[in-house]
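Chemist: So here's input_36.txt (compact mmCIF, C-alpha atoms).
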```txt
# COMPACT_ATOMS: atom_id res chain seq x y z
CA MET A 243 225.73 130.04 98.61
CA ILE A 244 229.11 128.26 98.71
CA ILE A 245 231.27 127.72 95.58
CA HIS A 246 234.30 125.42 95.55
CA ALA A 247 237.15 126.93 93.59
CA ALA A 248 239.65 124.89 91.57
CA ASP A 249 242.34 125.30 94.24
CA GLY A 250 240.11 123.78 96.92
CA HIS A 251 239.25 127.03 98.63
CA CYS A 252 235.66 127.98 99.25
CA ALA A 253 233.91 131.26 98.57
CA VAL A 254 230.62 132.50 99.92
CA ILE A 255 228.43 134.45 97.54
CA SER A 256 225.70 136.60 98.97
CA SER A 257 222.19 136.76 97.54
CA LYS A 258 222.99 140.21 96.10
CA ASN A 259 226.10 138.90 94.34
CA LYS A 260 224.19 135.85 93.11
CA THR A 261 221.58 138.06 91.46
CA ALA A 262 224.32 140.11 89.78
CA MET A 263 226.00 136.96 88.50
CA TYR A 264 222.77 135.63 86.98
CA GLN A 265 222.12 138.99 85.32
CA ALA A 266 225.61 138.98 83.79
CA LEU A 267 225.04 135.47 82.44
CA LEU A 268 221.70 136.52 80.95
CA ASN A 269 223.28 139.59 79.34
CA ARG A 270 226.06 137.49 77.83
CA LEU A 271 223.51 135.00 76.51
CA ALA A 272 221.47 137.83 74.98
CA VAL A 273 224.55 139.17 73.17
CA GLU A 274 225.37 135.75 71.73
CA MET A 275 221.78 135.16 70.65
CA THR A 276 221.75 138.56 68.92
CA LYS A 277 224.91 137.64 67.01
CA ILE A 278 223.36 134.36 65.92
CA LEU A 279 220.15 136.14 64.88
CA PHE A 280 222.06 138.67 62.75
CA LEU A 281 224.00 135.82 61.12
CA ILE A 282 220.77 134.00 60.25
CA ILE A 283 219.26 137.19 58.78
CA ALA A 284 222.38 137.84 56.69
CA LEU A 285 222.31 134.30 55.34
CA LEU A 286 218.62 134.61 54.50
CA ILE A 287 219.19 137.90 52.64
CA ALA A 288 222.15 136.47 50.72
CA THR A 289 220.20 133.45 49.55
CA ALA A 290 217.21 135.62 48.62
CA LEU A 291 219.25 137.95 46.35
CA PRO A 292 219.05 137.30 42.62
CA ALA A 293 222.05 135.67 40.97
CA GLY A 294 224.88 138.11 40.46
CA ALA A 295 223.53 140.84 42.75
CA ALA A 296 226.29 140.35 45.26
CA ASP A 297 228.91 140.59 42.49
CA ARG A 298 227.87 144.07 41.23
CA ILE A 299 229.48 143.47 37.83
CA VAL A 300 228.61 144.47 34.29
CA SER A 301 230.43 142.75 31.42
CA ILE A 302 230.58 144.67 28.12
CA PHE A 303 231.64 143.70 24.58
CA ASN A 304 232.24 146.78 22.39
CA TRP A 305 234.17 147.95 19.34
CA SER A 306 237.77 149.03 19.90
CA ASP A 307 238.20 152.75 20.69
CA HIS A 308 234.45 153.25 21.08
CA ILE A 309 234.40 154.82 24.54
CA ASP A 310 236.12 157.33 26.76
CA PRO A 311 237.97 154.98 29.18
CA SER A 312 237.50 157.36 32.11
CA ILE A 313 233.73 156.81 31.85
CA LEU A 314 234.18 153.21 32.98
CA GLU A 315 236.00 154.38 36.10
CA ASP A 316 233.42 157.07 36.84
CA PHE A 317 230.55 154.61 36.47
CA THR A 318 232.14 152.30 39.03
CA ARG A 319 232.82 155.23 41.35
CA GLU A 320 229.20 156.40 41.17
CA THR A 321 227.44 153.03 41.34
CA GLY A 322 229.86 150.56 42.92
CA VAL A 323 229.43 148.30 39.86
CA LYS A 324 232.68 146.88 38.50
CA VAL A 325 233.04 147.00 34.71
CA ILE A 326 234.59 144.14 32.73
CA TYR A 327 235.29 145.55 29.26
CA ASP A 328 236.27 143.49 26.20
CA THR A 329 236.59 144.68 22.60
CA PHE A 330 236.18 143.28 19.09
CA ASP A 331 237.43 144.53 15.71
CA THR A 332 234.83 143.18 13.28
CA SER A 333 231.10 142.62 13.27
CA ASP A 334 231.72 138.99 12.29
CA GLU A 335 233.66 138.47 15.51
CA LEU A 336 230.78 139.81 17.60
CA GLU A 337 228.16 137.76 15.78
CA ARG A 338 230.13 134.51 16.02
CA ARG A 339 230.53 134.99 19.77
CA MET A 340 226.86 135.78 20.31
CA LEU A 341 225.53 132.95 18.16
CA ALA A 342 227.80 130.49 19.96
CA GLY A 343 226.62 131.78 23.34
CA SER A 344 227.15 135.24 24.82
CA ALA A 345 230.15 134.18 26.96
CA GLY A 346 228.65 135.91 29.97
CA TYR A 347 228.34 139.39 28.44
CA ASP A 348 225.66 141.69 29.80
CA LEU A 349 225.84 144.34 27.10
CA ILE A 350 226.98 144.32 23.46
CA VAL A 351 227.27 146.96 20.71
CA PRO A 352 226.17 145.54 17.33
CA SER A 353 225.83 147.51 14.10
CA ALA A 354 222.35 147.78 12.57
CA ALA A 355 222.76 144.79 10.24
CA ALA A 356 224.30 142.64 12.99
CA LEU A 357 221.51 143.71 15.34
CA GLN A 358 218.97 142.58 12.76
CA ARG A 359 220.60 139.15 12.43
CA LEU A 360 220.91 138.68 16.19
CA ILE A 361 217.23 139.54 16.68
CA GLN A 362 216.28 136.99 14.02
CA ALA A 363 218.44 134.40 15.82
CA ASP A 364 216.68 135.19 19.14
CA ALA A 365 220.06 136.00 20.67
CA LEU A 366 218.87 139.22 22.33
CA GLN A 367 216.25 139.96 24.94
CA PRO A 368 213.66 142.72 24.59
CA LEU A 369 214.74 146.06 26.03
CA ASN A 370 212.41 147.64 28.59
CA ARG A 371 212.71 151.37 27.94
CA GLN A 372 210.70 152.07 31.09
CA ARG A 373 213.87 151.13 32.98
CA LEU A 374 215.88 153.75 31.07
CA ALA A 375 215.07 157.20 32.44
CA ASN A 376 217.53 158.80 30.01
CA ALA A 377 215.91 157.25 26.92
CA VAL A 378 214.01 160.55 26.62
CA ASN A 379 217.31 162.03 25.39
CA LEU A 380 217.48 159.81 22.28
CA TRP A 381 217.60 161.53 18.87
CA PRO A 382 214.20 160.87 17.20
CA GLU A 383 215.68 160.83 13.68
CA ILE A 384 218.29 158.22 14.63
CA ASP A 385 215.75 156.23 16.64
CA ARG A 386 213.48 156.18 13.58
CA ARG A 387 216.32 154.94 11.36
CA LEU A 388 217.10 152.17 13.83
CA LYS A 389 213.48 151.00 13.84
CA ARG A 390 213.93 149.59 10.33
CA PHE A 391 216.34 146.98 11.75
CA ASP A 392 214.75 146.63 15.18
CA PRO A 393 210.96 146.70 14.72
CA ASP A 394 209.28 148.99 17.26
CA ASN A 395 212.76 149.71 18.73
CA ALA A 396 212.16 146.66 20.91
CA HIS A 397 215.74 145.42 21.43
CA ALA A 398 218.22 148.30 21.27
CA VAL A 399 218.99 151.99 21.58
CA ASN A 400 221.58 153.84 19.53
CA TYR A 401 224.95 154.54 21.12
CA LEU A 402 227.17 156.07 18.40
CA TRP A 403 226.77 156.59 14.67
CA MET A 404 229.05 157.59 11.80
CA THR A 405 229.13 158.25 8.09
CA ALA A 406 231.28 156.94 5.25
CA GLY A 407 233.07 159.46 3.10
CA VAL A 408 236.39 160.58 1.70
CA ALA A 409 239.32 161.59 3.89
CA PHE A 410 242.03 163.40 1.99
CA ASN A 411 245.20 165.46 2.13
CA THR A 412 243.93 168.91 1.20
CA THR A 413 247.09 170.11 -0.55
CA LYS A 414 247.72 166.98 -2.60
CA THR A 415 244.08 166.67 -3.56
CA ARG A 416 243.88 170.28 -4.70
CA ASP A 417 247.05 169.86 -6.77
CA ARG A 418 245.77 166.70 -8.49
CA PHE A 419 242.04 167.25 -8.73
CA GLY A 420 241.70 171.01 -8.93
CA LYS A 421 238.19 171.14 -7.47
CA PRO A 422 236.39 170.04 -4.30
CA LEU A 423 235.40 166.41 -3.88
CA THR A 424 231.63 166.34 -3.53
CA ASN A 425 230.26 162.99 -4.73
CA TRP A 426 231.09 159.35 -5.33
CA ASP A 427 230.96 159.78 -9.11
CA GLN A 428 234.10 161.90 -8.83
CA LEU A 429 235.95 159.29 -6.85
CA LEU A 430 234.85 155.75 -7.70
CA ARG A 431 235.95 155.95 -11.31
CA PRO A 432 239.32 154.83 -12.76
CA GLU A 433 239.98 158.21 -14.39
CA ALA A 434 239.53 159.94 -11.03
CA ILE A 435 241.47 157.51 -8.83
CA LYS A 436 244.33 157.44 -11.34
CA LYS A 437 245.09 161.09 -10.53
CA PHE A 438 245.90 160.11 -6.91
CA SER A 439 247.78 156.87 -7.54
CA ASP A 440 251.20 158.54 -7.16
CA CYS A 441 250.42 159.79 -3.65
CA GLY A 442 248.49 156.74 -2.45
CA VAL A 443 244.85 155.70 -2.24
CA THR A 444 243.49 153.34 0.43
CA LEU A 445 240.13 151.60 0.71
CA PRO A 446 238.72 149.85 3.78
CA ASP A 447 238.70 146.05 3.64
CA ARG A 448 234.92 145.98 4.15
CA SER A 449 233.09 143.96 1.53
CA GLU A 450 229.49 144.98 2.25
CA ALA A 451 230.28 148.67 2.76
CA MET A 452 232.38 149.02 -0.38
CA MET A 453 229.90 147.11 -2.54
CA ALA A 454 227.08 149.33 -1.23
CA LEU A 455 229.02 152.50 -2.06
CA ALA A 456 229.77 151.18 -5.55
CA LEU A 457 226.09 150.35 -6.09
CA SER A 458 225.11 153.82 -4.93
CA SER A 459 227.57 155.46 -7.33
CA LEU A 460 225.98 153.40 -10.15
CA LYS A 461 222.56 154.73 -9.14
CA ILE A 462 221.50 151.27 -7.94
CA ASP A 463 219.86 150.62 -4.57
CA PRO A 464 222.84 150.16 -2.20
CA ASN A 465 220.94 147.33 -0.49
CA ALA A 466 220.41 145.48 -3.79
CA LYS A 467 221.11 141.74 -3.61
CA ASN A 468 220.51 140.93 -7.27
CA PRO A 469 223.60 138.93 -8.44
CA ASP A 470 223.90 140.86 -11.73
CA GLN A 471 223.80 144.20 -9.93
CA LEU A 472 226.36 143.00 -7.38
CA ARG A 473 228.66 141.92 -10.23
CA ARG A 474 228.35 145.36 -11.81
CA ALA A 475 229.45 146.92 -8.54
CA ALA A 476 232.35 144.47 -8.29
CA ASP A 477 233.42 145.26 -11.85
CA LEU A 478 233.54 148.96 -10.99
CA LEU A 479 235.66 148.33 -7.91
CA SER A 480 237.94 145.96 -9.84
CA SER A 481 238.64 148.72 -12.35
CA LEU A 482 240.18 150.75 -9.51
CA ARG A 483 242.47 148.01 -8.18
CA ARG A 484 245.65 149.01 -10.09
CA TYR A 485 245.49 152.45 -8.45
CA ILE A 486 244.91 151.29 -4.87
CA LYS A 487 247.89 151.34 -2.53
CA LYS A 488 246.31 149.31 0.25
CA TYR A 489 243.06 147.74 1.41
CA ASN A 490 243.41 148.57 5.06
CA SER A 491 241.76 147.25 8.17
CA ASP A 492 238.75 149.18 9.37
CA GLY A 493 239.74 152.48 10.97
CA ASP A 494 243.42 152.23 10.02
CA LEU A 495 244.31 155.63 8.57
CA ASN A 496 247.92 155.74 9.72
CA LEU A 497 249.20 156.09 6.16
CA LEU A 498 247.05 159.18 5.71
CA ALA A 499 248.16 160.69 9.02
CA LEU A 500 251.83 160.06 8.18
CA GLY A 501 251.49 161.60 4.73
CA GLU A 502 252.16 158.26 3.00
CA SER A 503 248.76 158.28 1.32
CA CYS A 504 246.61 161.19 0.19
CA LEU A 505 243.11 159.78 -0.24
CA ALA A 506 241.03 157.22 1.67
CA VAL A 507 237.48 156.01 1.88
CA ALA A 508 236.88 156.14 5.62
CA TRP A 509 234.46 156.60 8.48
CA SER A 510 233.99 160.17 9.70
CA GLY A 511 235.35 159.58 13.20
CA ASP A 512 238.42 157.75 11.91
CA ALA A 513 239.15 160.64 9.54
CA LEU A 514 239.05 163.14 12.41
CA LEU A 515 241.32 160.93 14.50
CA ALA A 516 243.78 160.76 11.59
CA ARG A 517 243.66 164.54 11.34
CA ALA A 518 244.42 164.89 15.05
CA ARG A 519 247.23 162.32 14.80
CA ALA A 520 248.83 164.20 11.90
CA ARG A 521 248.77 167.42 13.92
CA GLU A 522 250.29 165.69 16.94
CA LEU A 523 253.12 164.40 14.76
CA GLY A 524 253.75 167.88 13.47
CA ALA A 525 253.36 166.66 9.90
CA GLU A 526 252.75 169.22 7.19
CA THR A 527 249.54 167.42 6.38
CA GLU A 528 246.07 168.87 6.66
CA ILE A 529 243.40 166.20 6.47
CA ALA A 530 239.79 166.97 5.57
CA PHE A 531 236.69 164.82 5.24
CA VAL A 532 233.61 165.03 3.04
CA ALA A 533 230.40 163.02 3.10
CA PRO A 534 229.45 162.87 -0.62
CA SER A 535 226.36 164.85 -1.48
CA ASP A 536 224.85 162.11 -3.65
CA GLY A 537 224.25 159.97 -0.60
CA THR A 538 226.48 157.84 1.56
CA LEU A 539 226.51 155.08 4.13
CA LEU A 540 225.29 155.73 7.66
CA SER A 541 226.38 153.20 10.29
CA LEU A 542 224.60 152.78 13.62
CA ASP A 543 226.28 151.13 16.61
CA ASN A 544 223.72 150.18 19.24
CA LEU A 545 223.35 148.99 22.81
CA ALA A 546 221.66 145.61 23.29
CA ILE A 547 221.40 142.96 26.02
CA PRO A 548 222.12 139.27 25.19
CA ARG A 549 219.36 136.78 25.86
CA ASN A 550 221.15 135.16 28.84
CA ALA A 551 222.88 138.23 30.35
CA PRO A 552 223.81 137.30 33.95
CA HIS A 553 223.74 140.86 35.38
CA LEU A 554 220.57 142.37 33.98
CA ASN A 555 220.10 145.19 36.48
CA GLU A 556 223.68 146.35 35.99
CA ALA A 557 223.27 146.24 32.20
CA TYR A 558 220.31 148.62 32.43
CA MET A 559 222.26 150.85 34.79
CA PHE A 560 225.15 151.13 32.34
CA ILE A 561 222.92 151.77 29.31
CA ASP A 562 221.11 154.53 31.19
CA TYR A 563 224.46 155.99 32.21
CA LEU A 564 225.61 156.15 28.58
CA LEU A 565 222.38 157.91 27.61
CA ARG A 566 223.07 160.79 29.98
CA PRO A 567 223.78 163.86 27.80
CA ASP A 568 226.97 164.81 29.65
CA ILE A 569 228.34 161.25 29.38
CA ALA A 570 227.34 160.99 25.71
CA ALA A 571 229.17 164.27 25.05
CA ARG A 572 232.35 162.85 26.55
CA ASN A 573 232.12 159.81 24.25
CA VAL A 574 231.72 162.03 21.19
CA LYS A 575 234.80 164.01 22.18
CA ALA A 576 236.83 160.83 22.75
CA THR A 577 235.75 158.97 19.59
CA ASN A 578 234.82 161.74 17.10
CA PHE A 579 231.71 159.73 16.25
CA SER A 580 228.19 161.15 16.49
CA SER A 581 225.87 160.30 19.36
CA GLY A 582 222.33 158.96 19.41
CA VAL A 583 221.73 161.41 22.29
CA LEU A 584 220.80 164.67 20.59
CA SER A 585 220.99 166.80 23.74
CA ALA A 586 224.65 165.78 24.19
CA ARG A 587 225.53 168.71 21.93
CA GLN A 588 224.62 171.08 24.78
CA PHE A 589 227.55 169.70 26.78
CA MET A 590 230.16 170.03 23.99
CA ASP A 591 232.54 172.72 22.93
CA PRO A 592 230.86 174.64 20.06
CA SER A 593 233.63 173.62 17.66
CA LEU A 594 232.63 169.99 18.22
CA ALA A 595 228.86 170.46 18.47
CA ASN A 596 228.79 172.41 15.20
CA ASP A 597 231.24 170.25 13.25
CA PRO A 598 229.34 169.04 10.13
CA VAL A 599 231.57 165.96 9.96
CA ILE A 600 230.25 164.78 13.33
CA PHE A 601 226.76 166.21 13.02
CA PRO A 602 225.86 166.48 9.31
CA PRO A 603 223.13 168.95 8.36
CA GLN A 604 219.63 167.52 8.03
CA GLU A 605 219.63 167.64 4.22
CA THR A 606 222.83 165.56 4.13
CA LEU A 607 221.53 163.15 6.75
CA ALA A 608 218.32 162.67 4.76
CA ARG A 609 220.30 161.30 1.79
CA MET A 610 222.18 158.73 3.83
CA PHE A 611 221.36 155.03 3.74
CA ILE A 612 221.93 152.09 6.11
CA LEU A 613 222.85 148.54 5.17
CA SER A 614 220.33 145.85 5.97
CA ALA A 615 221.35 142.30 6.78
CA ALA A 616 222.17 140.21 3.72
CA ASP A 617 220.79 136.71 3.35
CA GLN A 618 223.34 133.91 3.50
CA SER A 619 223.65 133.37 -0.25
CA SER A 620 224.02 137.12 -0.95
CA GLU A 621 226.59 137.44 1.81
CA LYS A 622 228.67 134.62 0.32
CA LEU A 623 228.48 136.18 -3.14
CA ILE A 624 229.48 139.62 -1.81
CA ASP A 625 232.49 138.14 0.01
CA LYS A 626 233.50 136.16 -3.09
CA LEU A 627 233.22 139.20 -5.36
CA TRP A 628 235.16 141.37 -2.91
CA SER A 629 237.96 138.82 -2.75
CA SER A 630 238.14 138.94 -6.53
CA VAL A 631 238.24 142.75 -6.43
CA LYS A 632 241.27 142.73 -4.14
CA THR A 633 243.22 139.89 -5.75
CA GLY A 634 242.22 140.12 -9.41
CA ARG A 635 241.38 136.43 -9.41
```
Represent the structure contained in this file as structure tokens.
Modeler:
Amino acid sequence: MIIHAADGHCAVISSKNKTAMYQALLNRLAVEMTKILFLIIALLIATALPAGAADRIVSIFNWSDHIDPSILEDFTRETGVKVIYDTFDTSDELERRMLAGSAGYDLIVPSAAALQRLIQADALQPLNRQRLANAVNLWPEIDRRLKRFDPDNAHAVNYLWMTAGVAFNTTKTRDRFGKPLTNWDQLLRPEAIKKFSDCGVTLPDRSEAMMALALSSLKIDPNAKNPDQLRRAADLLSSLRRYIKKYNSDGDLNLLALGESCLAVAWSGDALLARARARELGAETEIAFVAPSDGTLLSLDNLAIPRNAPHLNEAYMFIDYLLRPDIAARNVKATNFSSGVLSARQFMDPSLANDPVIFPPQETLARMFILSAADQSSEKLIDKLWSSVKTGR
């Protein structure tokens, strides 16, 4: 065989060389075809994947300071799923966002009453517990309480829970009151609050919670929506106004930690954080907390998936991760709130696992109540009455 080269010279290729040349061409063609085949397969797989699978993202909307931040990093390290984490400060903020559209969130953390309203608005999708291997770790008592707001526990699992009570400066309270604080009757009365007015009393700016506590102290159902009963509760709270130093934002106990107030109605976890903050500052302030024995408010914060969550598989993965006892224990340590995972206590330091502020005894827990969702007219009345309590108008 003769081949003419570009420079005009000729070359003779033997039959043996010709066979080798053809084989090389065939090998090269096979390599290129293999590359094309792999490209086609990759494209087919990519188009067959469900939406969002290639992103490996989970987008979460939670309360501020309601997680150990290192857990987010560890989840990504273990699963490869990136976490987008946004926070809100009020239940109203969460509900407005969800009712206007979930803004792409895969997982939210509503309170029991907010959960109830979102279920009624069909803003959440049913939760398949079969996809949550760690759901076996849930605390039956807390799960039972949640069922009142989420029939058959069909839409949520509990994440963290807390109790309302009294946080106080032990020295100043002993000097002014002379005996332990044990119930709301001792506190939510003008003659009692007056004794603390010189050292500062703060109440949370939470209309429904404060009205419920006032109703309870009057021996009225804390979930009562009767206008006359609500006005009685508002009258009681109004009688305290002259002795209140500040109606603070939820969780803000800086005045107590700094020694600028001596008594506060607060959530259990916030009280413990204030105690830790006071110790860090070296203040000569010892803060204690009591959940009144005559019954108090129990608040449940829960994990739920919005109706149109774009990354459903990742949402289930993250919920299951939070229900692991060792992970739940880390969240309790970071937040000072209780966990819906009962076996988390096995992974805690005994001082934390046996703290009655975080894990109240059963007899105390049995007397606690949870707020149900108010209808629109009752909600408006409660907000109006609370505004009058704070302003005197």
Chemist: List as a PyMOL selection string the protein and nucleic acid residues near Thr577 of chain A, meaning an atom at most 7 Å away when all atoms listed in the file are counted, but skip any in the same chain fewer than 6 places from it.
Modeler: chain A and resi 307-309+511
Chemist: For a quick check of understanding, using only C-alpha atoms, which of A:Leu479, A:Val351, A:Ile435, A:Val532 has the smallest distance to Asp597 of chain A?
Modeler: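 Using only C-alpha atoms, Asp597 of chain A sits closest to A:Val532.
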Chemist: Using all atoms listed in the file, which protein or nucleic acid residues come within 8 Å of Asp392 of chain A? Drop anything in the same chain fewer than 6 positions from it, and give the result as a ChimeraX atom specification.
Modeler: /A:357-358,361,398
Chemist: Which residues of segment 399-443 of chain A come within 12 Å of segment 606-611 of chain A, and what is each one's closest atom pair and distance in Å (one decimal), counting all atoms listed in the file, sorted by chain and residue number, as a Markdown table?
Modeler:
```
| residue | atom | partner | partner_atom | distance |
| --- | --- | --- | --- | --- |
| A:Trp403 | CA | A:Leu607 | CA | 11.5 |
| A:Met404 | CA | A:Met610 | CA | 10.6 |
| A:Thr405 | CA | A:Met610 | CA | 8.2 |
| A:Ala406 | CA | A:Met610 | CA | 9.4 |
| A:Gly407 | CA | A:Met610 | CA | 10.9 |
| A:Thr424 | CA | A:Thr606 | CA | 11.7 |
| A:Asn425 | CA | A:Thr606 | CA | 11.8 |
```
Chemist: How many Å separate atom CA of Ala520 of chain A from atom CA of Ala571 of chain A?
Modeler: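 If I compute the distance from atom CA of Ala520 of chain A to atom CA of Ala571 of chain A, I get 23.7 Å.
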Chemist: Measuring atom to atom with only C-alpha atoms, identify which of A:Gln604, A:Ser580, A:Asn400, A:Ser491 is nearest to Arg448 of chain A.
Modeler: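 Among the listed residues, the smallest separation from Arg448 of chain A belongs to A:Ser491.
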Chemist: Quick check, in Å to one decimal: how far apart do atom CA of Val325 of chain A and atom CA of Ile313 of chain A lie?
Modeler: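 Value for the atom CA of Val325 of chain A-atom CA of Ile313 of chain A distance: 10.2 Å.
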Chemist: Taking 3 positions as the minimum chain separation for residues in the same chain, which residues sit within 6 Å of segment 514-518 of chain A when counting only C-alpha atoms? Answer as a count of residues only.
Modeler: 5
Chemist: So what do you get for atom CA of Ser593 of chain A versus atom CA of Asp562 of chain A, distance-wise?
Modeler: 26.5 Å
